[in-house]
Amino acid sequence: MEAFLLSIAVFAPLGGALVLLIARPEGLRSGRVMAVSCGVASIAALLVVLVSGLRDGGGVGDIALLDLRAERASSLLLAVVAGTGVVVASFSRRNVDVDPRARRFFTLLGVLVSGSALVVVPGAAVALVVGWWGSSWALIGLVGHRSELAATRRAQRRTATALLVGDVALLSAIVIAVAASGDQAVRSVGLVVDDLNSTSLLGASAADVVAILLVVAGASRSALMPFHRWLVTTLAAPTPVSALVHAGFVSAAGLLIIRFGPLVLTSFVAVHLAFALAAATVLTAIGAGATRVDVKGKLAWSTVAQMGFMVVQCTVGAFSSAVFHIAGHGMYKASLFLGAGDAVSSSLRSTRHAAALPVPAARVRLATVIAIATVVVGIGLVLLTPDVSDGGVILIAVFAWLTVAHGTWGWLGRGAAPWPTSVAQAAAGGLVAVAAYLAGLRAVEEFVKPSFAAFGEDAGVSPTTLLGTLGVVALLAAARHFAPVRPVVRADTAVRSWLVRTAHPAVAGDIPIRPARSLRRSAGSRSGAAPTAPDSTGDMRRSQIRADVARAGNVIAPSWPLTSVVAVNPLGGLEHLGFDAATNLARTQFRARTHLSLDEFRRDHALGRTTDDDVTWAVESSFVDLCVTPPIEIGDRSIPVARVIEADLVNGPGNSAPEPARTVLERCEGSPDTIGGLIDSTISLTAARYVAAARSTDDDDSFSTRWRRDAVTVSAMRHHLSSDAVDWLGMLGTDAADVIDAAFTAAGIADDERLAEMRGHLSRIQGWAGYAKWRTEWAHPTESRPPLAPIELVAARAALEAAAMFGASAEHPLPRAATGPTPIAASDRSARLDAVCAALDIRDTGSDVRADLERVLERVDTVGRQTVWLRAQERRVDVEMLSMLDRLDPGDHLREPTAQLVFCIDVRSEGLRRHIEAEGAYDTLGFAGFFGAAMSVQRLEWEQPEARCPVLVTPSMLATERPVGERTESGAVPAIERMLARDRRRAAANAMHARTKSGSGAPFVMAEAAGWLFGPLAAARTLVPGRRPTTPRPQTVMTLERGTDHEADLEQRIFLAEAILRTMGLSKGFAPLVVLCGHTSHNVNNPHATALDCGACAGASGQDSARTVASLLNDAGVRDGLRDRGIDVPSGTHFVGALHETVSDTVEILDRHDIPPNHRSLVERLDADLATAGKAQASVRARHLPGPAATVRERGVDWAQVRPEWGLARNAAFIIGPRSMTAGLDLDGRAFLHTYDADSDPDGKVLETIMTAPLVVAHWISAQYYFSTVDPEVFGAGDKLIHNVAAGTGVISGESGDLRVGLPHQSTHVGTERHHRPVRLLATIQAPLERIERIIAENPVLTTLVAGSWIRVAGRSHPHEPWSMRTPHGTWITEPRPIPINRTLETT
Amino acid sequence: MNSWTGYTTMARIEVVIDGEHVPTVRDLLLAAGAKGFTAIQGVSGFGHSGAHEGRLMFNDRNSLTLLISVVQMDRAEAAVAGIRQLLDDHHGVVLISETQVSRADYF
């Protein structure tokens, strides 16, 4: 039975992997198989722990062949490995979900878990080797999950190299040991130490050789020096893999020393080698981690440091402490990795806490901290003295003290309560924490003690050596802080550069690049020429260069930080060129796809998403001269040219788009992934560290200084720069325009090439260029992130390219330069021709016929075919949408509603509106979710106000939250005070945790202690995801003010209220209850969470806007004023705010305390109806989401969920008109709905407002979805599984690289299937056509969008008229006739 | 224009441009030595590229803006050089004239 339990605990995941290999289940089932397998394993492992605990010193197992036998320590670690396995597998089930490589992923996961378990459990030599090697190669496979990315492949190679060293070392050690003493050496090494000592090998004791090889193997796998760089590169793997690796896989060094303790500890050389490597690793990893500005990178280096600490514990004989650490840290780090996506939300929360109470001066705090830490740790150690070696006690005492000190510093510094209370809280909390930690440690010590009975007490590194090492470290730290003499500063600078290099292997490492003959392009002009100091550029030229950079910047869209995502058209700066020209330019500049591929279009056609009729229509409307082009005569057949093009579209071969070069270096290298790629990585690293350093005080260098320094001291660029090039970089001035001029001159860029070259530079680092564009053109003046201008990025990139070209050498030539677009292969032409002939049943393919057909086909290139296909797809949308709108009998939808609900125009409101209308006499309206109030909001607990309006508008008012309810004599409201106090405590707790994670020496004890709490919590969040109870917010009211310190005058508020109601189309016929319903999306662990919030509220919740405007419209003075202006709001009408939560489709009515008594029954009925409507809407949405329908409303609280909801995916149309036009129609969540009554707007001002703001924003959203879908890697943010929040601003993929822009792959796709249908937005407007036309003509923003074919406009003047489509030329054509565009066969 | 007594002759630069390009023009002016500017949002008119509406209710970025700046005469050409280049791609007007200012050190 015991053997059975142990074998299940070890092999169940492997069994699951075998099932996946044999049965090959699809998609989600793979995850289920592995989760169940790991679940079974973890239950068995817990039973093994139980049985081994009941047995006094005995083990569990004795499995035939492998001879596995788990004693107490290994059974405990086995439980941690299996437990982490089930958590990770269960997490991955929802995280990896429909990834096309899910089965491979879960198969490798099973191998990794079982392999790690085999390493933990002592057994036969073959078991250890198989487990070790199997887990190594499973990990290497998992790191390559996204092997199509070059960075992933590099990471995979680096990981494989490092692990291979360890694999070989382990195998060698085992072979030697077995050869010397038989298999017994591996099972019970303590028994054979003497045998090994008596055996000589290469002049040394076999025991020493084996011990050293074991240390090398452990060091390799635990990322100890000199193997420390590989772990951070595994960030290329999906997040759950990182969790598993950091939770158990990397603990190998400790496991080996624990398992072979008597052998390693008695070898003086081996144990001191391990100690030295571990100590050096701790110091290096702490320093390296401090230089990282990405969440996962910091975690990875933290793990490396923790591994060093754990090995130090082992080498000083503190084995039970090491077991406690391996288990605790493993659970802690797994939890942090799984929750790494929460970094953006945490950042937002940190700015939304109540202001801290005053705290004393730093000296007072420091003294208090020292006193508390000393007393608390002292009491703890006296009462609960650890039962470990002396060295172990020293480690616990020193590092527990540091943890308590840092935690206390964090708590006291945040001013959670008045000072004496804060001190008391810190002391009490510290005492409880230390007592819990030491008690837990003692419990584990007692449990695992029998496992180490055979280990010598005095073996290992002596306490003196340990204390000496700690003393040296303390002296070095003190010298750095207190003795800033020149040698120390110089050494410190050198060490810092080395640490940055160490921390960023992907940028600084020995990337195999072949530089650089043709870097010396125009070799005659520059080859070997010594660089000279660049001339200073004249003012006029500088001005022109700056303007050119601004023009070049049109290829880049501004990229908002993830704390407030705003959807933008990635080609927004090129809108003036029109869609076709802009996409042509984008294809050149980004090497991007701007349309679906021909194969994808054809697949959609085969699936019925476009019909033959659509294709015919698209062909005929795309080529206006078809009707006069003579048909092709073949014998007695006459085939119209249009049919030939259609046949080619539907049946022809796929496309092979050429990839043009963007910059001079790229033209020389012929590939973007060589030195040019290294330059991109270097600038991205510099930018990330520059932005992240904004709040730090130790490095305030400018971006201009930083990129030069990083290029020559950090990046692998330094290997490719000659000394002349380095000198030249140093001679460049600080003005970015001067740098660009010098760089272009040096690189031989002619004046007429410069604009394109600048575009090329920006497009290669579009993420940071987007940040720079946002920071320069859109950010609020009070923005705390540092300024960075696009011109600085161009300067950096151009200069580094020029410098690299100086550095080219004949010994390392570049590949030959690319020579322009790839010519279309003859085979491609032939394939098209054959396909057309087959489709049209043309058997006579004589030379004349072929020539005729070829002439037609040659004129429709790849892009031309894609353009026609796009029109065909859009035609299908137009037909579906307009025919639906035509079917309805126009007329007022509802005469006397009991309530009117105003929803945001967001497409997610459409379904809910339909369902609530079906529940009763409810009328719904659509309006921008900020409800027309361009304002900032100051909540009670926030330190700074936040904007709550579209980014097109500058907030002109301030809405302040004020308490209501009974006040004390001091004027305070007790409930509010309690809320603020709670908020401050939460902020202080966060500060305490942050400090213990980053403070010198603090994380070691914190991680091993907190893991025992974090681990079970992570398991609970994963296995039983659910909503956590929240404390209800006290009653408050929103007050609208103008400016910052005085209430808006009444006239101003009346004016605003009138504008809101008239634009909303609600100036008469008020119901007794009017609900203003904002929306938000509650989802956790999602860096892109704010992208699911209300775009009209600047990527935030619409709650405050709804509350504020409702309060404004209930104001008696405002209503009097409205009456004078012709809007008579009945006294029986009450406005109330509400919040639609789009993941669960629940609607919460807000400010219920303000609802008049006679409205309460109405609100209660509405509550019930909204609940019913929300349930119905959620069930509709469930049909589109992968995974079980029953949990659709819980996806937001599931931290493993990468797709909490679909957001605005599948949006296709913007409908402006009365609700009667769309009421009752199921628009499938594809339409933005804006209420508009043309009769109430004779001068068209309301329509102009709708078309120049909400329509423009909807177009941005539509365009962002379009481009993120057609090229998820260039215009989208790629795979969420490898996202890594960087610089508190955006995400990078894996360990390094540019910021990602656009939407993640999971927001537009399900696996390889597109969920979003990429088409341009259709604007459907019911209003007089001449009014629409006038508004378009008078507003350049609309002229650009319509004439440039960015949007299509359909209109009808009256409900009884058919819809007409507006042509780009300004005429209106009634469907279904084709809409001609400026395209002829000759010009295509 | 003759200089008025006690006044200093300087260059007045007026730029009418889409609101979305205002940050770029602002940066060009400041980089060329201008010490300040005045911006009037939502100007309307009619010209080479057709009619332009004035202020839009919910869109500050796409209405026309008039920027006025005064710079020393020897800085004017550099300031305008970049703006002219920008107008190669976008609608807009740039006007330069001499003007008299009473407190030259303000500019």
# chains A, B, ... in the order shown; residues from 1 in each chain; ligands from 1
$ residues_around --residues "Thr9 in chain B" --least-positions-apart "4" --cutoff "7 Å" --atoms "only C-alpha atoms" --output "PDB file with N, CA and C atoms, in the first residue's frame"
ATOM      1  N   SER B   3       9.686 101.386 -36.029  1.00  0.00           N
ATOM      2  CA  SER B   3       9.637 101.048 -34.607  1.00  0.00           C
ATOM      3  C   SER B   3       9.049 102.195 -33.823  1.00  0.00           C
ATOM      4  N   GLU B  98       6.027  91.462 -38.502  1.00  0.00           N
ATOM      5  CA  GLU B  98       6.749  92.236 -37.497  1.00  0.00           C
ATOM      6  C   GLU B  98       5.746  92.777 -36.502  1.00  0.00           C
ATOM      7  N   THR B  99       6.196  92.857 -35.287  1.00  0.00           N
ATOM      8  CA  THR B  99       5.299  93.413 -34.275  1.00  0.00           C
ATOM      9  C   THR B  99       6.142  94.209 -33.277  1.00  0.00           C
ATOM     10  N   GLN B 100       5.482  95.071 -32.541  1.00  0.00           N
ATOM     11  CA  GLN B 100       6.182  95.887 -31.554  1.00  0.00           C
ATOM     12  C   GLN B 100       5.787  95.414 -30.161  1.00  0.00           C
ATOM     13  N   VAL B 101       6.768  95.205 -29.328  1.00  0.00           N
ATOM     14  CA  VAL B 101       6.454  94.802 -27.956  1.00  0.00           C
ATOM     15  C   VAL B 101       7.060  95.790 -26.986  1.00  0.00           C
TER      16      VAL B 101
END
$ residues_around --residues "Ala81 in chain B" --least-positions-apart "6" --cutoff "10 Å" --atoms "only C-alpha atoms" --output "list in words"
Asp539, Met540, Arg541, Arg542, Ser543, Gln544, Ile545, Arg546 and Ala547 of chain A; Leu28 and Ala32 of chain B
$ closest_residue --among "A:Glu1248, A:Glu1008, A:Asp99, A:Glu1205" --to "chain B" --atoms "only C-alpha atoms"
A:Glu1248
$ residues_around --residues "range 65-79 of chain B" --least-positions-apart "2" --cutoff "8 Å" --atoms "only C-alpha atoms" --output "MDAnalysis selection string"
(chainID A and resid 539:541 543) or (chainID B and resid 9:19 22 28:29 31:43 63 81:83 107)
$ closest_atom_pairs --of "chain B" --to "chain A" --cutoff "6 Å" --atoms "only C-alpha atoms" --output "Markdown table"
| residue | atom | partner | partner_atom | distance |
| --- | --- | --- | --- | --- |
| B:Pro23 | CA | A:Glu777 | CA | 5.5 |
| B:Ala51 | CA | A:Glu1338 | CA | 5.1 |
| B:His52 | CA | A:Glu1338 | CA | 5.1 |
| B:Glu53 | CA | A:Glu1338 | CA | 5.6 |
| B:Met57 | CA | A:Thr1249 | CA | 6.0 |
| B:Phe58 | CA | A:Ala1253 | CA | 5.7 |
| B:Asn59 | CA | A:Leu952 | CA | 5.0 |
| B:Asp60 | CA | A:Val953 | CA | 5.3 |
| B:Arg61 | CA | A:Leu952 | CA | 5.6 |
| B:Ala78 | CA | A:Met540 | CA | 4.1 |
| B:Ala81 | CA | A:Gln544 | CA | 5.8 |
| B:Gly82 | CA | A:Gln544 | CA | 4.2 |
| B:Leu86 | CA | A:Ala547 | CA | 5.6 |
$ select_by_dssp --residues "chain B" --states "strand (DSSP E or B)" --output "CSV table (one decimal) with C-alpha atoms, in the first residue's frame"
chain,number,residue,atom,x,y,z
B,8,THR,CA,11.1,96.6,-29.7
B,9,THR,CA,10.5,95.1,-33.0
B,10,MET,CA,10.1,91.4,-32.9
B,11,ALA,CA,8.6,88.6,-35.1
B,12,ARG,CA,5.0,87.5,-34.5
B,13,ILE,CA,4.3,84.0,-35.6
B,14,GLU,CA,0.7,82.9,-35.9
B,15,VAL,CA,-0.1,79.3,-36.7
B,16,VAL,CA,-3.5,77.8,-37.4
B,17,ILE,CA,-3.5,74.1,-37.1
B,18,ASP,CA,-5.5,71.0,-36.0
B,38,THR,CA,-0.9,81.9,-26.6
B,39,ALA,CA,-3.4,79.2,-27.9
B,40,ILE,CA,-7.0,79.8,-28.9
B,41,GLN,CA,-8.9,76.6,-29.3
B,42,GLY,CA,-11.9,76.0,-31.5
B,43,VAL,CA,-11.3,78.7,-34.1
B,45,GLY,CA,-13.1,79.5,-40.8
B,46,PHE,CA,-13.0,78.7,-44.4
B,47,GLY,CA,-10.0,78.3,-46.7
B,50,GLY,CA,-12.8,73.9,-47.0
B,51,ALA,CA,-14.8,75.0,-44.1
B,52,HIS,CA,-13.8,74.4,-40.5
B,56,LEU,CA,-16.6,70.9,-30.6
B,59,ASN,CA,-13.4,66.9,-28.8
B,64,LEU,CA,-8.6,74.2,-35.2
B,65,THR,CA,-6.3,76.1,-32.8
B,66,LEU,CA,-4.6,79.4,-33.3
B,67,LEU,CA,-1.2,79.6,-31.8
B,68,ILE,CA,0.5,83.0,-31.4
B,69,SER,CA,4.0,83.5,-30.4
B,70,VAL,CA,6.5,86.3,-30.5
B,71,VAL,CA,10.2,85.7,-30.9
B,92,GLY,CA,-2.7,74.7,-41.6
B,93,VAL,CA,-1.5,78.2,-42.0
B,94,VAL,CA,1.6,80.0,-40.7
B,95,LEU,CA,1.9,83.8,-40.7
B,96,ILE,CA,4.9,85.9,-39.8
B,97,SER,CA,4.8,89.5,-39.2
B,98,GLU,CA,6.7,92.2,-37.5
B,99,THR,CA,5.3,93.4,-34.3
B,100,GLN,CA,6.2,95.9,-31.6
B,101,VAL,CA,6.5,94.8,-28.0
$ residues_around --residues "Ile683 in chain A" --least-positions-apart "3" --cutoff "9 Å" --atoms "only C-alpha atoms" --output "PyMOL selection string"
chain A and resi 678-680+686-688+707+710-711+765+768+793+796-797+1297-1298
$ write_last_selection --atoms "N, CA and C atoms" --output "mmCIF file, in the first residue's frame"
data_model
loop_
_atom_site.group_PDB
_atom_site.id
_atom_site.type_symbol
_atom_site.label_atom_id
_atom_site.label_comp_id
_atom_site.auth_asym_id
_atom_site.auth_seq_id
_atom_site.Cartn_x
_atom_site.Cartn_y
_atom_site.Cartn_z
ATOM 1 N N LEU A 678 19.779 43.890 -31.706
ATOM 2 C CA LEU A 678 20.498 44.182 -30.469
ATOM 3 C C LEU A 678 20.361 45.656 -30.102
ATOM 4 N N ILE A 679 20.395 46.512 -31.101
ATOM 5 C CA ILE A 679 20.197 47.944 -30.838
ATOM 6 C C ILE A 679 18.795 48.182 -30.280
ATOM 7 N N ASP A 680 17.806 47.509 -30.859
ATOM 8 C CA ASP A 680 16.437 47.649 -30.341
ATOM 9 C C ASP A 680 16.375 47.238 -28.870
ATOM 10 N N THR A 686 17.254 50.563 -21.986
ATOM 11 C CA THR A 686 17.552 51.906 -21.479
ATOM 12 C C THR A 686 16.261 52.659 -21.165
ATOM 13 N N ALA A 687 15.316 52.588 -22.074
ATOM 14 C CA ALA A 687 14.058 53.316 -21.871
ATOM 15 C C ALA A 687 13.321 52.785 -20.648
ATOM 16 N N ALA A 688 13.281 51.469 -20.505
ATOM 17 C CA ALA A 688 12.561 50.889 -19.370
ATOM 18 C C ALA A 688 13.205 51.300 -18.054
ATOM 19 N N TRP A 707 21.582 56.005 -22.754
ATOM 20 C CA TRP A 707 21.726 55.079 -23.871
ATOM 21 C C TRP A 707 23.167 54.960 -24.328
ATOM 22 N N ASP A 710 24.772 52.695 -21.660
ATOM 23 C CA ASP A 710 24.343 51.303 -21.780
ATOM 24 C C ASP A 710 24.962 50.636 -23.014
ATOM 25 N N ALA A 711 25.085 51.382 -24.091
ATOM 26 C CA ALA A 711 25.606 50.790 -25.322
ATOM 27 C C ALA A 711 27.051 50.349 -25.167
ATOM 28 N N ILE A 765 11.089 50.313 -32.716
ATOM 29 C CA ILE A 765 10.860 50.320 -31.263
ATOM 30 C C ILE A 765 9.516 50.992 -31.005
ATOM 31 N N TRP A 768 8.092 51.705 -27.209
ATOM 32 C CA TRP A 768 8.624 52.861 -26.487
ATOM 33 C C TRP A 768 8.384 54.152 -27.261
ATOM 34 N N LEU A 793 14.550 58.997 -29.090
ATOM 35 C CA LEU A 793 14.660 57.599 -29.507
ATOM 36 C C LEU A 793 15.280 57.497 -30.899
ATOM 37 N N ALA A 796 18.986 58.144 -30.558
ATOM 38 C CA ALA A 796 19.711 57.010 -29.983
ATOM 39 C C ALA A 796 19.888 55.906 -31.021
ATOM 40 N N ARG A 797 18.820 55.609 -31.705
ATOM 41 C CA ARG A 797 18.864 54.472 -32.627
ATOM 42 C C ARG A 797 19.734 54.784 -33.843
ATOM 43 N N GLY A 1297 12.924 43.165 -24.325
ATOM 44 C CA GLY A 1297 12.329 43.607 -25.587
ATOM 45 C C GLY A 1297 11.506 44.868 -25.431
ATOM 46 N N ASP A 1298 10.903 45.243 -26.539
ATOM 47 C CA ASP A 1298 10.117 46.467 -26.618
ATOM 48 C C ASP A 1298 8.802 46.297 -25.863
#
$ select_by_dssp --residues "range 190-336 of chain A" --states "alpha helix (DSSP H)" --output "ChimeraX atom specification"
/A:193-197,206-221,230-233,239-247,252-259,261-265,268-291,295-315,319-336
$ write_last_selection --atoms "C-alpha atoms" --output "short mmCIF file (atom, residue, chain, number, x, y, z; two decimals), in the first residue's frame"
data_model
loop_
_atom_site.label_atom_id
_atom_site.label_comp_id
_atom_site.auth_asym_id
_atom_site.auth_seq_id
_atom_site.Cartn_x
_atom_site.Cartn_y
_atom_site.Cartn_z
CA VAL A 193 31.37 7.36 2.30
CA ASP A 194 34.20 5.28 3.58
CA ASP A 195 34.21 3.20 0.39
CA LEU A 196 34.45 6.33 -1.70
CA ASN A 197 37.11 7.86 0.50
CA ALA A 206 36.61 9.55 -5.18
CA ALA A 207 34.47 11.02 -2.43
CA ASP A 208 35.79 14.51 -3.19
CA VAL A 209 35.34 14.06 -6.91
CA VAL A 210 31.77 12.83 -6.53
CA ALA A 211 30.94 15.56 -4.03
CA ILE A 212 32.34 18.28 -6.30
CA LEU A 213 30.44 16.89 -9.26
CA LEU A 214 27.27 16.90 -7.18
CA VAL A 215 27.90 20.53 -6.21
CA VAL A 216 28.42 21.42 -9.88
CA ALA A 217 25.23 19.61 -10.84
CA GLY A 218 23.28 21.36 -8.11
CA ALA A 219 24.81 24.74 -8.93
CA SER A 220 23.85 24.36 -12.54
CA ARG A 221 20.26 23.57 -11.78
CA TRP A 230 19.91 30.88 -17.30
CA LEU A 231 17.01 31.14 -14.90
CA VAL A 232 15.98 34.61 -15.99
CA THR A 233 15.88 33.53 -19.61
CA THR A 239 3.76 32.06 -16.51
CA PRO A 240 2.62 28.74 -14.95
CA VAL A 241 5.86 27.11 -16.04
CA SER A 242 7.81 29.80 -14.25
CA ALA A 243 5.76 29.10 -11.14
CA LEU A 244 6.61 25.42 -11.26
CA VAL A 245 10.27 26.00 -12.00
CA HIS A 246 10.74 28.50 -9.21
CA ALA A 247 8.71 26.45 -6.78
CA ALA A 252 18.03 20.89 -6.84
CA ALA A 253 21.28 22.01 -5.24
CA GLY A 254 19.73 21.88 -1.81
CA LEU A 255 18.06 18.57 -2.54
CA LEU A 256 21.32 17.02 -3.65
CA ILE A 257 23.22 18.27 -0.64
CA ILE A 258 20.44 17.09 1.65
CA ARG A 259 20.32 13.72 -0.04
CA GLY A 261 24.77 15.28 2.97
CA PRO A 262 27.25 12.95 4.65
CA LEU A 263 29.26 12.83 1.44
CA VAL A 264 29.20 16.53 0.57
CA LEU A 265 29.61 17.87 4.06
CA PHE A 268 36.07 20.09 2.69
CA VAL A 269 36.62 21.18 -0.88
CA ALA A 270 33.07 20.46 -2.02
CA VAL A 271 31.28 22.05 0.88
CA HIS A 272 33.40 25.18 0.80
CA LEU A 273 33.03 25.37 -2.94
CA ALA A 274 29.27 25.19 -2.51
CA PHE A 275 29.38 27.80 0.24
CA ALA A 276 31.51 30.17 -1.83
CA LEU A 277 29.33 29.79 -4.90
CA ALA A 278 26.19 30.26 -2.85
CA ALA A 279 27.45 33.33 -1.02
CA ALA A 280 28.63 34.94 -4.25
CA THR A 281 25.31 34.09 -5.85
CA VAL A 282 23.34 35.73 -3.06
CA LEU A 283 25.25 38.98 -3.41
CA THR A 284 25.18 38.97 -7.19
CA ALA A 285 21.52 38.09 -7.47
CA ILE A 286 20.44 40.75 -5.00
CA GLY A 287 22.38 43.34 -6.96
CA ALA A 288 21.20 42.07 -10.31
CA GLY A 289 17.59 41.92 -9.21
CA ALA A 290 17.76 45.54 -8.12
CA THR A 291 18.61 46.55 -11.68
CA VAL A 295 8.05 42.09 -12.38
CA LYS A 296 9.08 38.63 -13.49
CA GLY A 297 12.74 39.59 -13.86
CA LYS A 298 12.82 40.76 -10.26
CA LEU A 299 11.16 37.54 -9.14
CA ALA A 300 13.63 35.44 -11.11
CA TRP A 301 16.68 37.09 -9.58
CA SER A 302 15.05 36.89 -6.19
CA THR A 303 14.82 33.14 -6.67
CA VAL A 304 18.49 32.94 -7.59
CA ALA A 305 19.37 34.77 -4.38
CA GLN A 306 17.06 32.50 -2.40
CA MET A 307 18.74 29.44 -3.87
CA GLY A 308 22.07 30.79 -2.75
CA PHE A 309 20.71 31.33 0.74
CA MET A 310 19.27 27.83 0.82
CA VAL A 311 22.59 26.29 -0.16
CA VAL A 312 24.32 28.34 2.53
CA GLN A 313 21.84 26.85 4.99
CA CYS A 314 22.78 23.38 3.79
CA THR A 315 26.50 23.96 3.92
CA PHE A 319 19.20 20.90 6.89
CA SER A 320 15.85 21.23 8.55
CA SER A 321 15.99 24.98 7.96
CA ALA A 322 16.81 24.26 4.32
CA VAL A 323 13.80 21.95 4.01
CA PHE A 324 11.63 24.64 5.61
CA HIS A 325 13.05 27.16 3.16
CA ILE A 326 12.68 24.99 0.05
CA ALA A 327 9.04 24.33 0.85
CA GLY A 328 8.17 27.84 2.06
CA HIS A 329 9.99 29.70 -0.67
CA GLY A 330 8.64 27.36 -3.32
CA MET A 331 5.06 28.05 -2.36
CA TYR A 332 5.71 31.75 -1.99
CA LYS A 333 7.39 32.16 -5.34
CA ALA A 334 4.83 30.05 -7.16
CA SER A 335 2.14 32.28 -5.74
CA LEU A 336 3.93 35.45 -6.83
#
$ residues_around --residues "range 1013-1028 of chain A" --least-positions-apart "4" --cutoff "7 Å" --atoms "only C-alpha atoms" --output "ChimeraX atom specification"
/A:87,90-91,331-332,335,1194,1197-1198,1200
$ closest_residue --among "A:Ser42, A:Ser1357, A:Ser74, A:Asn584" --to "Leu571 in chain A" --atoms "only C-alpha atoms"
A:Asn584
$ closest_residue --among "A:Cys668, A:Val81, A:Cys1077, A:Val423" --to "Met805 in chain A" --atoms "only C-alpha atoms"
A:Cys668
$ residues_around --residues "Tyr1236 in chain A" --least-positions-apart "5" --cutoff "8 Å" --atoms "only C-alpha atoms" --output "PDB file with C-alpha atoms, in the first residue's frame"
ATOM      1  CA  THR A1063     -27.196  65.352 -26.460  1.00  0.00           C
ATOM      2  CA  MET A1064     -28.632  62.322 -24.767  1.00  0.00           C
ATOM      3  CA  GLY A1065     -31.925  62.881 -26.590  1.00  0.00           C
ATOM      4  CA  ILE A1216     -26.924  56.627 -34.456  1.00  0.00           C
ATOM      5  CA  GLY A1217     -30.665  56.929 -34.238  1.00  0.00           C
ATOM      6  CA  PRO A1218     -33.686  56.443 -32.000  1.00  0.00           C
ATOM      7  CA  LEU A1247     -25.317  64.997 -34.398  1.00  0.00           C
TER       8      LEU A1247
END
